[in-house]
>>> print(open('my_file-v7.txt').read())   # compact mmCIF, C-alpha atoms
# COMPACT_ATOMS: atom_id res chain seq x y z
CA LYS A 1 -84.79 5.92 184.83
CA ARG A 2 -83.87 2.23 185.09
CA ALA A 3 -82.74 2.60 188.71
CA ALA A 4 -86.01 4.33 189.59
CA ASP A 5 -87.96 1.57 187.81
CA LEU A 6 -86.16 -1.13 189.83
CA ILE A 7 -86.61 0.59 193.19
CA LEU A 8 -90.26 1.50 192.58
CA SER A 9 -91.21 -1.92 191.22
CA VAL A 10 -89.74 -3.73 194.24
CA LEU A 11 -91.41 -1.31 196.67
CA MET A 12 -94.75 -1.50 194.89
CA LEU A 13 -94.68 -5.31 194.74
CA LEU A 14 -94.08 -5.41 198.51
CA VAL A 15 -96.81 -2.85 199.23
CA CYS A 16 -99.26 -4.51 196.86
CA LEU A 17 -98.63 -8.07 198.10
CA PRO A 18 -101.85 -8.26 200.16
CA LEU A 19 -103.81 -6.83 197.21
CA ILE A 20 -102.18 -9.36 194.87
CA VAL A 21 -103.27 -12.24 197.11
CA ILE A 22 -106.84 -10.94 197.49
CA THR A 23 -107.16 -10.30 193.74
CA ALA A 24 -105.84 -13.78 192.92
CA VAL A 25 -108.35 -15.42 195.28
CA LEU A 26 -111.26 -13.41 193.85
CA ILE A 27 -110.31 -14.33 190.28
CA LYS A 28 -110.17 -18.04 191.18
CA LEU A 29 -113.55 -17.86 192.93
CA ASP A 30 -115.21 -15.96 190.08
CA SER A 31 -114.28 -18.01 187.02
CA LYS A 32 -112.33 -21.05 185.93
CA GLY A 33 -108.88 -20.65 184.51
CA PRO A 34 -105.51 -19.31 185.60
CA VAL A 35 -105.12 -16.24 187.80
CA PHE A 36 -102.51 -14.68 185.55
CA PHE A 37 -102.68 -13.99 181.84
CA SER A 38 -99.63 -13.55 179.64
CA GLN A 39 -99.72 -12.16 176.13
CA GLU A 40 -96.94 -11.34 173.71
CA ARG A 41 -96.36 -7.62 173.10
CA VAL A 42 -93.90 -5.61 171.05
CA GLY A 43 -91.39 -3.77 173.19
CA GLU A 44 -88.28 -1.67 172.80
CA LYS A 45 -86.49 -2.16 169.46
CA GLY A 46 -89.39 -4.33 168.28
CA LYS A 47 -88.50 -7.14 170.69
CA ILE A 48 -91.39 -9.49 171.50
CA TYR A 49 -91.90 -10.27 175.19
CA PRO A 50 -94.72 -11.64 177.38
CA VAL A 51 -96.67 -8.98 179.27
CA HIS A 52 -98.26 -10.25 182.48
CA LYS A 53 -101.66 -9.28 183.86
CA PHE A 54 -104.31 -10.61 186.16
CA ARG A 55 -106.83 -12.50 184.02
CA SER A 56 -109.91 -10.31 183.62
CA MET A 57 -111.62 -12.21 180.79
CA VAL A 58 -113.01 -15.69 180.47
CA GLU A 59 -110.44 -18.37 179.74
CA ASP A 60 -109.52 -18.55 176.01
CA ALA A 61 -111.44 -15.31 175.33
CA GLU A 62 -110.12 -15.03 171.77
CA LYS A 63 -110.34 -18.70 170.84
CA GLN A 64 -113.27 -18.17 168.48
CA CYS A 65 -112.90 -14.54 167.40
CA GLY A 66 -109.11 -14.13 167.18
CA PRO A 67 -107.29 -10.96 168.28
CA VAL A 68 -109.65 -8.02 168.85
CA TRP A 69 -109.49 -4.84 170.92
CA ALA A 70 -111.66 -4.91 174.04
CA GLN A 71 -114.92 -2.98 173.65
CA CYS A 72 -117.27 -1.27 176.11
CA ASP A 73 -119.46 -3.88 177.82
CA ASP A 74 -117.33 -6.70 176.38
CA ASP A 75 -119.12 -9.92 177.34
CA ARG A 76 -115.79 -11.75 177.60
CA ILE A 77 -114.90 -9.78 180.74
CA THR A 78 -115.69 -11.57 184.01
CA ARG A 79 -117.47 -9.98 187.00
CA VAL A 80 -114.21 -9.64 188.94
CA GLY A 81 -112.52 -8.61 185.68
CA LYS A 82 -114.77 -5.55 185.40
CA ILE A 83 -113.75 -4.43 188.87
CA ILE A 84 -110.02 -5.04 188.52
CA ARG A 85 -109.99 -3.31 185.12
CA ARG A 86 -111.83 -0.28 186.48
CA LEU A 87 -109.35 -0.05 189.37
CA ARG A 88 -106.41 -0.98 187.07
CA LEU A 89 -105.49 -3.85 189.38
CA ASP A 90 -105.08 -6.12 186.35
CA GLU A 91 -101.90 -4.19 185.53
CA ILE A 92 -100.08 -4.96 188.85
CA PRO A 93 -98.30 -8.09 187.50
CA GLN A 94 -96.56 -5.86 184.95
CA LEU A 95 -94.32 -4.77 187.82
CA TYR A 96 -92.57 -8.08 187.12
CA ASN A 97 -92.01 -6.91 183.53
CA VAL A 98 -90.50 -3.71 184.92
CA LEU A 99 -88.18 -5.72 187.19
CA ARG A 100 -87.03 -7.79 184.20
CA GLY A 101 -86.27 -4.63 182.19
CA GLU A 102 -88.89 -5.35 179.52
CA MET A 103 -90.99 -2.37 180.60
CA SER A 104 -90.69 0.92 182.43
CA PHE A 105 -93.23 2.63 184.66
CA VAL A 106 -93.76 5.32 182.03
CA GLY A 107 -93.61 4.93 178.27
CA PRO A 108 -95.82 4.10 175.31
CA ARG A 109 -98.15 1.21 176.14
CA PRO A 110 -97.00 -2.01 174.44
CA GLU A 111 -99.24 -3.36 171.71
CA ARG A 112 -99.76 -6.86 170.40
CA GLU A 113 -97.71 -7.90 167.36
CA TYR A 114 -100.91 -8.67 165.43
CA PHE A 115 -102.05 -5.05 165.73
CA VAL A 116 -98.54 -3.59 165.34
CA LYS A 117 -98.15 -5.22 161.92
CA GLN A 118 -101.46 -3.71 160.79
CA LEU A 119 -100.77 -0.27 162.27
CA GLU A 120 -97.23 -0.05 160.86
CA GLY A 121 -98.70 -0.39 157.37
CA LEU A 122 -101.39 2.21 157.99
CA ILE A 123 -99.74 4.85 160.18
CA PRO A 124 -96.52 6.66 159.22
CA TYR A 125 -93.84 6.72 161.96
CA TYR A 126 -95.66 4.11 164.06
CA THR A 127 -92.42 2.18 164.65
CA ILE A 128 -90.84 5.19 166.42
CA ARG A 129 -92.79 4.24 169.55
CA HIS A 130 -90.53 1.15 169.77
CA LYS A 131 -87.41 3.29 170.25
CA VAL A 132 -88.07 3.44 174.00
CA ARG A 133 -89.04 0.91 176.63
CA PRO A 134 -92.86 0.53 176.86
CA GLY A 135 -94.59 1.58 180.06
CA ILE A 136 -97.31 0.52 182.46
CA THR A 137 -98.68 4.02 181.98
CA GLY A 138 -97.93 6.75 179.50
CA TRP A 139 -98.70 10.21 178.18
CA ALA A 140 -101.23 8.79 175.69
CA GLN A 141 -103.07 6.91 178.46
CA ILE A 142 -103.56 9.95 180.66
CA CYS A 143 -104.36 12.33 177.80
CA TYR A 144 -106.45 10.14 175.51
CA GLY A 145 -107.60 7.07 177.41
CA TYR A 146 -108.46 3.72 175.92
CA GLY A 147 -108.31 3.27 172.15
CA ALA A 148 -109.93 0.51 170.13
CA SER A 149 -109.56 1.59 166.50
CA VAL A 150 -107.01 2.71 163.93
CA GLU A 151 -108.17 6.31 164.41
CA ASP A 152 -107.52 5.99 168.15
CA ALA A 153 -104.07 4.51 167.43
CA VAL A 154 -103.22 7.57 165.29
CA GLU A 155 -104.22 9.94 168.09
CA LYS A 156 -102.34 7.93 170.72
CA LEU A 157 -99.25 7.86 168.51
CA ASN A 158 -99.23 11.67 168.52
CA TYR A 159 -99.07 11.61 172.33
CA ASP A 160 -96.44 8.84 172.32
CA LEU A 161 -94.22 10.78 169.90
CA PHE A 162 -94.56 13.91 172.05
CA TYR A 163 -93.50 11.89 175.10
CA ILE A 164 -90.53 10.28 173.32
CA LYS A 165 -89.31 13.68 172.12
CA ASN A 166 -89.74 15.38 175.51
CA MET A 167 -89.27 12.62 178.11
CA THR A 168 -87.73 13.75 181.38
CA THR A 169 -87.91 12.67 185.00
CA LEU A 170 -90.28 15.58 185.70
CA ILE A 171 -92.67 14.52 182.92
CA ASP A 172 -92.55 10.90 184.15
CA PHE A 173 -93.39 12.09 187.67
CA MET A 174 -96.32 14.15 186.37
CA ILE A 175 -97.63 11.17 184.37
CA VAL A 176 -97.44 8.93 187.44
CA LEU A 177 -99.36 11.51 189.53
CA ARG A 178 -102.05 11.88 186.85
CA THR A 179 -102.27 8.08 186.56
CA ILE A 180 -102.91 7.81 190.29
CA LYS A 181 -105.71 10.38 189.94
CA ILE A 182 -107.25 8.41 187.06
CA VAL A 183 -107.03 5.13 189.02
CA LEU A 184 -108.64 6.71 192.10
CA PHE A 185 -111.54 8.09 190.06
CA SER A 186 -111.78 5.00 187.78
CA ASN A 187 -111.88 6.78 184.43
CA GLY A 188 -111.44 5.15 181.03
CA ALA A 189 -111.05 1.42 181.74
CA ARG A 190 -112.45 -1.25 179.43
>>> encode(input="my_file-v7.txt", output="structure tokens")
Amino acid sequence: KRAADLILSVLMLLVCLPLIVITAVLIKLDSKGPVFFSQERVGEKGKIYPVHKFRSMVEDAEKQCGPVWAQCDDDRITRVGKIIRRLRLDEIPQLYNVLRGEMSFVGPRPEREYFVKQLEGLIPYYTIRHKVRPGITGWAQICYGYGASVEDAVEKLNYDLFYIKNMTTLIDFMIVLRTIKIVLFSNGAR
């Protein structure tokens, strides 16, 4: 799995290079602030690491409200941010996380420590999702979509636990194919 992650991430970074440049320019033209956004997430074995994304929200989006899940029609999302989120282009910089070994292509999506601490106290077995490397995409993402509540986190955990128990190269391949379909038809982004 690690060898496949390394090969695919290098190939995808090379293929996506023109798209990375275009996206970076559009973000700079649309709003002030950095092109990239880094945020600490909880990874494998509970290790904290910075996840990298293209910035899709206004600079310092949580300065006044603190950590919150993104909502439909979130007014913190920029014009370009809406497009890159719908097309999932904001996730491309996570290929760097895959190269570094902090993430895999497929696995449970990493969550912020702020939310993990809350969810661990509310949801039994929540920490099991940290037994594997988090992914850019995962079974929960293709089966359930975006979640922005504790109830959604419970449902997504069910999918994550199923994946962890049954993960194989074939299942990873199927998840990647279904992710491509979702990206092409722009379903479920916030």
>>> closest_residue(input="my_file-v7.txt", among="A:Arg79, A:Arg86, A:Arg178, A:His130", to="Leu29 in chain A", atoms="all atoms listed in the file")
A:Arg79
>>> atom_distance(input="my_file-v7.txt", atom1="CA of Leu122 in chain A", atom2="CA of Leu157 in chain A")
12.1 Å
>>> closest_residue(input="my_file-v7.txt", among="A:Ile123, A:Ala148, A:Lys156, A:Pro108", to="Ile136 in chain A", atoms="only C-alpha atoms")
A:Pro108
>>> closest_residue(input="my_file-v7.txt", among="A:Glu155, A:Glu102, A:Asp5, A:Asp73", to="Lys47 in chain A", atoms="only C-alpha atoms")
A:Glu102
>>> residues_near_point(input="my_file-v7.txt", point="(-82.0, -2.1, 168.7)", cutoff="10 Å", atoms="only C-alpha atoms", output="PyMOL selection string")
chain A and resi 44-47+130-132
>>> atom_distance(input="my_file-v7.txt", atom1="CA of Asp160 in chain A", atom2="CA of Phe173 in chain A")
16.0 Å
>>> closest_residue(input="my_file-v7.txt", among="A:Ile128, A:Met174, A:Ile27, A:Leu99", to="Phe162 in chain A", atoms="all atoms listed in the file")
A:Ile128
>>> atom_distance(input="my_file-v7.txt", atom1="CA of Tyr159 in chain A", atom2="CA of Trp139 in chain A")
6.0 Å
>>> closest_residue(input="my_file-v7.txt", among="A:Gly81, A:Gly121, A:Gly147, A:Gly138", to="Met103 in chain A", atoms="only C-alpha atoms")
A:Gly138
>>> build_atoms(input="my_file-v7.txt", residues="range 156-167 of chain A", atoms="all heavy atoms", output="mmCIF file, in the frame of the given file")
data_model
loop_
_atom_site.group_PDB
_atom_site.id
_atom_site.type_symbol
_atom_site.label_atom_id
_atom_site.label_comp_id
_atom_site.auth_asym_id
_atom_site.auth_seq_id
_atom_site.Cartn_x
_atom_site.Cartn_y
_atom_site.Cartn_z
ATOM 1 N N LYS A 156 -103.238 8.331 169.640
ATOM 2 C CA LYS A 156 -102.340 7.930 170.720
ATOM 3 C C LYS A 156 -100.881 8.026 170.283
ATOM 4 O O LYS A 156 -100.016 8.368 171.080
ATOM 5 C CB LYS A 156 -102.689 6.522 171.191
ATOM 6 C CG LYS A 156 -104.025 6.491 171.923
ATOM 7 C CD LYS A 156 -104.340 5.127 172.434
ATOM 8 C CE LYS A 156 -103.831 5.052 173.830
ATOM 9 N NZ LYS A 156 -104.404 4.001 174.640
ATOM 10 N N LEU A 157 -100.619 7.741 169.001
ATOM 11 C CA LEU A 157 -99.250 7.860 168.510
ATOM 12 C C LEU A 157 -98.755 9.295 168.625
ATOM 13 O O LEU A 157 -97.591 9.524 168.975
ATOM 14 C CB LEU A 157 -99.158 7.384 167.050
ATOM 15 C CG LEU A 157 -97.760 7.504 166.430
ATOM 16 C CD1 LEU A 157 -96.744 6.631 167.160
ATOM 17 C CD2 LEU A 157 -97.805 7.159 164.951
ATOM 18 N N ASN A 158 -99.622 10.259 168.363
ATOM 19 C CA ASN A 158 -99.230 11.670 168.520
ATOM 20 C C ASN A 158 -98.746 11.939 169.942
ATOM 21 O O ASN A 158 -97.734 12.610 170.149
ATOM 22 C CB ASN A 158 -100.392 12.598 168.163
ATOM 23 C CG ASN A 158 -100.672 12.615 166.680
ATOM 24 O OD1 ASN A 158 -99.770 12.503 165.870
ATOM 25 N ND2 ASN A 158 -101.943 12.743 166.327
ATOM 26 N N TYR A 159 -99.475 11.427 170.929
ATOM 27 C CA TYR A 159 -99.070 11.610 172.330
ATOM 28 C C TYR A 159 -97.778 10.845 172.625
ATOM 29 O O TYR A 159 -96.899 11.343 173.331
ATOM 30 C CB TYR A 159 -100.184 11.156 173.273
ATOM 31 C CG TYR A 159 -101.368 12.082 173.267
ATOM 32 C CD1 TYR A 159 -102.551 11.722 172.633
ATOM 33 C CD2 TYR A 159 -101.319 13.324 173.891
ATOM 34 C CE1 TYR A 159 -103.653 12.573 172.626
ATOM 35 C CE2 TYR A 159 -102.401 14.184 173.889
ATOM 36 C CZ TYR A 159 -103.565 13.800 173.256
ATOM 37 O OH TYR A 159 -104.640 14.647 173.253
ATOM 38 N N ASP A 160 -97.654 9.618 172.092
ATOM 39 C CA ASP A 160 -96.440 8.840 172.320
ATOM 40 C C ASP A 160 -95.216 9.535 171.738
ATOM 41 O O ASP A 160 -94.154 9.580 172.371
ATOM 42 C CB ASP A 160 -96.573 7.435 171.701
ATOM 43 C CG ASP A 160 -97.528 6.535 172.476
ATOM 44 O OD1 ASP A 160 -97.758 6.780 173.677
ATOM 45 O OD2 ASP A 160 -98.042 5.577 171.859
ATOM 46 N N LEU A 161 -95.356 10.084 170.536
ATOM 47 C CA LEU A 161 -94.220 10.780 169.900
ATOM 48 C C LEU A 161 -93.844 12.032 170.690
ATOM 49 O O LEU A 161 -92.654 12.337 170.843
ATOM 50 C CB LEU A 161 -94.546 11.118 168.451
ATOM 51 C CG LEU A 161 -94.721 9.919 167.514
ATOM 52 C CD1 LEU A 161 -95.099 10.385 166.115
ATOM 53 C CD2 LEU A 161 -93.497 9.037 167.489
ATOM 54 N N PHE A 162 -94.845 12.746 171.199
ATOM 55 C CA PHE A 162 -94.560 13.910 172.050
ATOM 56 C C PHE A 162 -93.763 13.479 173.275
ATOM 57 O O PHE A 162 -92.771 14.105 173.643
ATOM 58 C CB PHE A 162 -95.870 14.595 172.475
ATOM 59 C CG PHE A 162 -95.652 15.706 173.456
ATOM 60 C CD1 PHE A 162 -95.337 16.990 173.025
ATOM 61 C CD2 PHE A 162 -95.726 15.477 174.827
ATOM 62 C CE1 PHE A 162 -95.097 18.023 173.936
ATOM 63 C CE2 PHE A 162 -95.499 16.489 175.746
ATOM 64 C CZ PHE A 162 -95.187 17.768 175.298
ATOM 65 N N TYR A 163 -94.203 12.379 173.909
ATOM 66 C CA TYR A 163 -93.500 11.890 175.100
ATOM 67 C C TYR A 163 -92.059 11.506 174.765
ATOM 68 O O TYR A 163 -91.119 11.899 175.469
ATOM 69 C CB TYR A 163 -94.238 10.688 175.715
ATOM 70 C CG TYR A 163 -93.429 10.049 176.810
ATOM 71 C CD1 TYR A 163 -93.336 10.643 178.066
ATOM 72 C CD2 TYR A 163 -92.700 8.884 176.577
ATOM 73 C CE1 TYR A 163 -92.545 10.086 179.061
ATOM 74 C CE2 TYR A 163 -91.917 8.320 177.567
ATOM 75 C CZ TYR A 163 -91.845 8.927 178.811
ATOM 76 O OH TYR A 163 -91.061 8.378 179.788
ATOM 77 N N ILE A 164 -91.872 10.736 173.699
ATOM 78 C CA ILE A 164 -90.530 10.280 173.320
ATOM 79 C C ILE A 164 -89.597 11.470 173.081
ATOM 80 O O ILE A 164 -88.449 11.462 173.505
ATOM 81 C CB ILE A 164 -90.601 9.355 172.090
ATOM 82 C CG1 ILE A 164 -91.280 8.034 172.473
ATOM 83 C CG2 ILE A 164 -89.219 9.096 171.508
ATOM 84 C CD1 ILE A 164 -91.698 7.181 171.293
ATOM 85 N N LYS A 165 -90.119 12.492 172.433
ATOM 86 C CA LYS A 165 -89.310 13.680 172.120
ATOM 87 C C LYS A 165 -88.981 14.495 173.369
ATOM 88 O O LYS A 165 -87.927 15.108 173.462
ATOM 89 C CB LYS A 165 -90.048 14.553 171.111
ATOM 90 C CG LYS A 165 -89.249 15.734 170.633
ATOM 91 C CD LYS A 165 -89.987 16.514 169.572
ATOM 92 C CE LYS A 165 -89.154 17.697 169.130
ATOM 93 N NZ LYS A 165 -89.834 18.500 168.128
ATOM 94 N N ASN A 166 -89.879 14.492 174.353
ATOM 95 C CA ASN A 166 -89.740 15.380 175.510
ATOM 96 C C ASN A 166 -89.554 14.660 176.845
ATOM 97 O O ASN A 166 -89.662 15.292 177.893
ATOM 98 C CB ASN A 166 -90.964 16.287 175.610
ATOM 99 C CG ASN A 166 -91.102 17.158 174.389
ATOM 100 O OD1 ASN A 166 -90.337 18.081 174.186
ATOM 101 N ND2 ASN A 166 -92.077 16.840 173.548
ATOM 102 N N MET A 167 -89.282 13.364 176.854
ATOM 103 C CA MET A 167 -89.270 12.620 178.110
ATOM 104 C C MET A 167 -88.173 13.104 179.063
ATOM 105 O O MET A 167 -87.028 13.289 178.668
ATOM 106 C CB MET A 167 -89.202 11.123 177.885
ATOM 107 C CG MET A 167 -88.013 10.589 177.163
ATOM 108 S SD MET A 167 -88.303 8.855 176.747
ATOM 109 C CE MET A 167 -86.946 8.099 177.585
#
